[in-house]
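Q: Here you go, this is work-v8.cif (mmCIF, C-alpha atoms).
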```
data_final
loop_
_atom_site.label_atom_id
_atom_site.label_comp_id
_atom_site.auth_asym_id
_atom_site.auth_seq_id
_atom_site.Cartn_x
_atom_site.Cartn_y
_atom_site.Cartn_z
CA MET Z 1 78.24 237.65 31.62
CA PHE Z 2 74.88 238.86 30.29
CA ALA Z 3 74.09 235.39 28.89
CA THR Z 4 74.91 233.76 32.23
CA LYS Z 5 72.64 236.19 34.08
CA ARG Z 6 69.84 235.55 31.56
CA ILE Z 7 70.14 231.76 31.99
CA GLN Z 8 70.02 232.18 35.77
CA ILE Z 9 66.87 234.31 35.51
CA LEU Z 10 65.20 231.74 33.21
CA SER Z 11 66.18 228.92 35.56
CA ASN Z 12 64.73 230.76 38.55
CA HIS Z 13 61.57 231.45 36.55
CA LEU Z 14 61.17 227.73 35.84
CA LEU Z 15 61.44 226.89 39.54
CA THR Z 16 58.27 228.80 40.41
CA SER Z 17 55.88 226.17 41.74
CA GLN Z 18 52.82 225.77 43.94
CA PRO Z 19 51.86 222.84 46.18
CA GLN Z 20 48.35 221.40 46.29
CA THR Z 21 46.22 221.96 49.38
CA ASP Z 22 43.08 220.17 50.56
CA LEU Z 23 40.37 222.06 52.45
CA HIS Z 24 38.81 218.97 54.08
CA ALA Z 25 38.24 219.55 57.82
CA ASP Z 26 41.00 217.08 58.78
CA ASN Z 27 43.49 219.03 56.69
CA VAL Z 28 42.87 222.50 58.12
CA SER Z 29 45.07 223.87 60.90
CA LEU Z 30 43.72 225.32 64.14
CA LEU Z 31 44.05 228.76 62.56
CA GLY Z 32 41.76 227.74 59.70
CA ARG Z 33 44.57 227.62 57.13
CA PRO Z 34 44.93 224.60 54.84
CA LYS Z 35 47.75 222.20 55.66
CA LEU Z 36 50.03 221.05 52.89
CA ILE Z 37 49.24 217.45 52.05
CA TRP Z 38 52.26 216.24 50.10
CA ILE Z 39 54.99 218.11 48.29
CA PRO Z 40 57.18 215.68 46.34
CA LYS Z 41 60.89 216.53 46.23
CA LEU Z 42 62.28 217.55 42.85
CA ASP Z 43 65.37 218.64 40.97
CA VAL Z 44 65.51 220.88 37.90
CA LEU Z 45 68.52 220.49 35.61
CA GLU Z 46 69.46 222.67 32.65
CA THR Z 47 71.56 221.67 29.65
CA ASP Z 48 72.27 223.57 26.45
CA LYS Z 49 69.28 221.93 24.76
CA GLU Z 50 66.69 221.31 27.51
CA PHE Z 51 65.44 221.58 31.06
CA ILE Z 52 64.92 218.31 32.93
CA ILE Z 53 62.58 218.05 35.92
CA GLN Z 54 63.01 214.97 38.11
CA ILE Z 55 60.38 214.35 40.79
CA GLU Z 56 60.42 211.65 43.47
CA LEU Z 57 57.08 209.83 43.41
CA PRO Z 58 57.65 206.56 45.27
CA GLY Z 59 54.69 204.23 45.55
CA LEU Z 60 52.82 205.66 42.57
CA LYS Z 61 52.06 204.09 39.22
CA LYS Z 62 52.29 206.16 36.05
CA GLU Z 63 48.48 205.96 35.75
CA GLN Z 64 48.22 208.00 38.97
CA ILE Z 65 50.28 210.91 37.60
CA TYR Z 66 48.86 213.67 35.40
CA ILE Z 67 50.91 216.16 33.38
CA ASN Z 68 49.52 219.03 31.33
CA GLU Z 69 50.71 222.30 29.85
CA HIS Z 70 48.46 225.28 29.29
CA ASN Z 71 49.37 228.94 28.71
CA SER Z 72 53.08 228.32 29.42
CA VAL Z 73 52.38 226.61 32.75
CA LEU Z 74 53.38 222.99 33.26
CA GLU Z 75 51.29 221.22 35.89
CA ILE Z 76 52.16 217.85 37.42
CA SER Z 77 49.62 216.31 39.80
CA GLY Z 78 48.52 213.04 41.32
CA GLU Z 79 47.58 211.27 44.52
CA ARG Z 80 49.23 208.72 46.78
CA GLU Z 81 46.60 206.90 48.81
CA SER Z 82 47.20 206.02 52.44
CA LYS Z 83 47.51 202.34 53.20
CA ASN Z 84 45.84 202.46 56.59
CA GLY Z 85 46.65 199.55 58.86
CA LYS Z 86 44.09 197.43 60.63
CA GLU Z 87 42.57 198.75 63.85
CA LYS Z 88 44.82 196.44 65.87
CA ASP Z 89 47.94 197.92 64.23
CA LYS Z 90 49.47 200.62 66.39
CA TYR Z 91 51.96 202.76 64.63
CA VAL Z 92 54.86 203.92 66.74
CA ARG Z 93 55.87 206.41 64.06
CA ARG Z 94 54.40 207.51 60.70
CA GLU Z 95 56.47 209.84 58.53
CA ARG Z 96 55.33 209.09 55.00
CA SER Z 97 53.03 211.64 53.38
CA TYR Z 98 49.86 210.74 51.54
CA GLY Z 99 47.22 212.60 49.62
CA LYS Z 100 47.00 214.81 46.57
CA PHE Z 101 49.83 216.88 45.19
CA LYS Z 102 50.18 219.45 42.45
CA ARG Z 103 53.33 221.19 41.27
CA SER Z 104 53.02 224.03 38.74
CA PHE Z 105 55.93 225.53 36.82
CA ALA Z 106 55.94 228.77 34.83
CA LEU Z 107 57.79 227.92 31.63
CA PRO Z 108 60.35 230.26 30.07
CA LYS Z 109 59.54 231.60 26.60
CA ASN Z 110 62.31 229.52 25.03
CA ILE Z 111 60.55 226.19 25.78
CA ASP Z 112 58.80 224.36 22.94
CA PRO Z 113 55.55 223.05 24.51
CA ASN Z 114 55.09 220.52 21.67
CA SER Z 115 58.33 218.74 22.55
CA ILE Z 116 57.63 218.00 26.24
CA LYS Z 117 58.34 214.34 27.03
CA ALA Z 118 57.91 212.38 30.26
CA SER Z 119 59.10 209.01 31.55
CA PHE Z 120 58.59 207.21 34.86
CA LEU Z 121 61.05 204.65 36.21
CA ASP Z 122 61.73 203.38 39.75
CA GLY Z 123 59.57 206.06 41.39
CA ILE Z 124 61.21 208.96 39.56
CA LEU Z 125 59.22 211.03 37.07
CA GLU Z 126 61.44 212.74 34.51
CA VAL Z 127 60.02 215.51 32.34
CA LYS Z 128 62.16 216.88 29.51
CA LEU Z 129 61.45 220.34 28.15
CA SER Z 130 63.30 221.10 24.92
CA LYS Z 131 64.49 224.62 24.24
CA LYS Z 132 63.61 226.38 21.00
CA GLU Z 133 66.39 227.36 18.64
CA ALA Z 134 67.43 230.97 19.18
CA GLU Z 135 66.13 233.18 16.40
CA PRO Z 136 68.85 235.06 14.58
CA ALA Z 137 68.88 238.82 14.96
CA LYS Z 138 67.18 240.68 12.13
CA GLU Z 139 69.09 243.43 10.41
CA ILE Z 140 66.98 246.50 9.80
CA ASN Z 141 67.90 248.83 6.96
CA ILE Z 142 67.77 252.54 7.57
CA GLN Z 143 65.83 254.41 4.92
#
```
Is it possible to give me this structure as structure tokens?

A:
Amino acid sequence: MFATKRIQILSNHLLTSQPQTDLHADNVSLLGRPKLIWIPKLDVLETDKEFIIQIELPGLKKEQIYINEHNSVLEISGERESKNGKEKDKYVRRERSYGKFKRSFALPKNIDPNSIKASFLDGILEVKLSKKEAEPAKEINIQ
């Protein structure tokens, strides 16, 4: 039971993320607070050997996506540019989001930052975070 609880806590810790905001005048609400530009949907999976983050990024190319890890924080960012129509085009409805995004994840201590791998296929970014081998308990002699 303790191990299950610990895994749940580590999983919840990994899910900590922040969206990117833009303080341009068009992106500030009437109350002066920044509006969220774009928060891509994601899933986080856990196996015995790794965590897998899958993020929906339709319409982007891999050159528009940036991934970095620093001080046990994984940051994924990028930008999807708006394809504005011509002046004569009159949209009846626009639901797609455009702009910058940034998702940050606090990494558990059992992640090996040197083994992080990413792939991008059919608009889905997949980031694999390998877990470190558990260190065996050390026996301490009483003197």

Q: Distance atom CA of Ile55 of chain Z-atom CA of Pro40 of chain Z, one decimal place?

A: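 Computed distance, atom CA of Ile55 of chain Z to atom CA of Pro40 of chain Z, equals 6.5 Å.
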
Q: Just how far from atom CA of Phe120 of chain Z is atom CA of Gln54 of chain Z, in Å to one decimal?

A: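 Pair atom CA of Gln54 of chain Z / atom CA of Phe120 of chain Z returns 9.5 Å.
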
Q: Determine the nearest neighbour of Glu63 of chain Z from the options Z:Leu125, Z:Val92, Z:Thr47, Z:Pro108, counting all atoms listed in the file.

A: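 Ranked by minimum distance to Glu63 of chain Z, first place goes to Z:Leu125.
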
Q: Report as a PyMOL selection string all protein, DNA and RNA residues lying within 7 Å of Lys100 of chain Z, evaluated on all atoms listed in the file, omitting residues in the same chain fewer than 4 positions from it.

A: chain Z and resi 20+37-38+78-80

Q: Interatomic distance between atom CA of Ile39 of chain Z and atom CA of Gln64 of chain Z?

A: 15.3 Å

Q: Would you list the contacts of segment 126-135 of chain Z as an MDAnalysis selection string, taking every protein, DNA or RNA residue within 9 Å and counting only C-alpha atoms, but skipping same-chain residues closer than 2 positions in sequence?

A: chainID Z and resid 48:55 109:121 124 137:138

Q: Could you dump the residues just selected with C-alpha atoms as a compact mmCIF listing (two decimals), in the frame of the given file?

A:
```
# COMPACT_ATOMS: atom_id res chain seq x y z
CA ASP Z 48 72.27 223.57 26.45
CA LYS Z 49 69.28 221.93 24.76
CA GLU Z 50 66.69 221.31 27.51
CA PHE Z 51 65.44 221.58 31.06
CA ILE Z 52 64.92 218.31 32.93
CA ILE Z 53 62.58 218.05 35.92
CA GLN Z 54 63.01 214.97 38.11
CA ILE Z 55 60.38 214.35 40.79
CA LYS Z 109 59.54 231.60 26.60
CA ASN Z 110 62.31 229.52 25.03
CA ILE Z 111 60.55 226.19 25.78
CA ASP Z 112 58.80 224.36 22.94
CA PRO Z 113 55.55 223.05 24.51
CA ASN Z 114 55.09 220.52 21.67
CA SER Z 115 58.33 218.74 22.55
CA ILE Z 116 57.63 218.00 26.24
CA LYS Z 117 58.34 214.34 27.03
CA ALA Z 118 57.91 212.38 30.26
CA SER Z 119 59.10 209.01 31.55
CA PHE Z 120 58.59 207.21 34.86
CA LEU Z 121 61.05 204.65 36.21
CA ILE Z 124 61.21 208.96 39.56
CA ALA Z 137 68.88 238.82 14.96
CA LYS Z 138 67.18 240.68 12.13
```

Q: Calculated over all atoms listed in the file, which of the candidates Z:Lys41, Z:Ser82, Z:Lys102, Z:Ile142 has the smallest distance to Ile67 of chain Z?

A: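 Of Z:Lys41, Z:Ser82, Z:Lys102, Z:Ile142, the one nearest Ile67 of chain Z, counting all atoms listed in the file, is Z:Lys102.
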
Q: Expanded to explicit residues, what is the PyMOL selection byres ((chain Z and resi 72) around 8) for this file, as a list in words?

A: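 When the PyMOL selection byres ((chain Z and resi 72) around 8) is applied to the shown file, the picked residues are Glu69, His70, Asn71, Val73, Leu74, Ala106, Leu107, Pro108, Lys109 and Pro113 of chain Z.
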
Q: Output C-alpha atoms of each residue in that selection to a file, as a PDB file, keeping the file's coordinate frame.

A:
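Below is the file selection-v9.pdb, written as the result:
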```pdb
ATOM      1  CA  GLU Z  69      50.710 222.300  29.850  1.00  0.00           C
ATOM      2  CA  HIS Z  70      48.460 225.280  29.290  1.00  0.00           C
ATOM      3  CA  ASN Z  71      49.370 228.940  28.710  1.00  0.00           C
ATOM      4  CA  VAL Z  73      52.380 226.610  32.750  1.00  0.00           C
ATOM      5  CA  LEU Z  74      53.380 222.990  33.260  1.00  0.00           C
ATOM      6  CA  ALA Z 106      55.940 228.770  34.830  1.00  0.00           C
ATOM      7  CA  LEU Z 107      57.790 227.920  31.630  1.00  0.00           C
ATOM      8  CA  PRO Z 108      60.350 230.260  30.070  1.00  0.00           C
ATOM      9  CA  LYS Z 109      59.540 231.600  26.600  1.00  0.00           C
ATOM     10  CA  PRO Z 113      55.550 223.050  24.510  1.00  0.00           C
TER      11      PRO Z 113
END
```
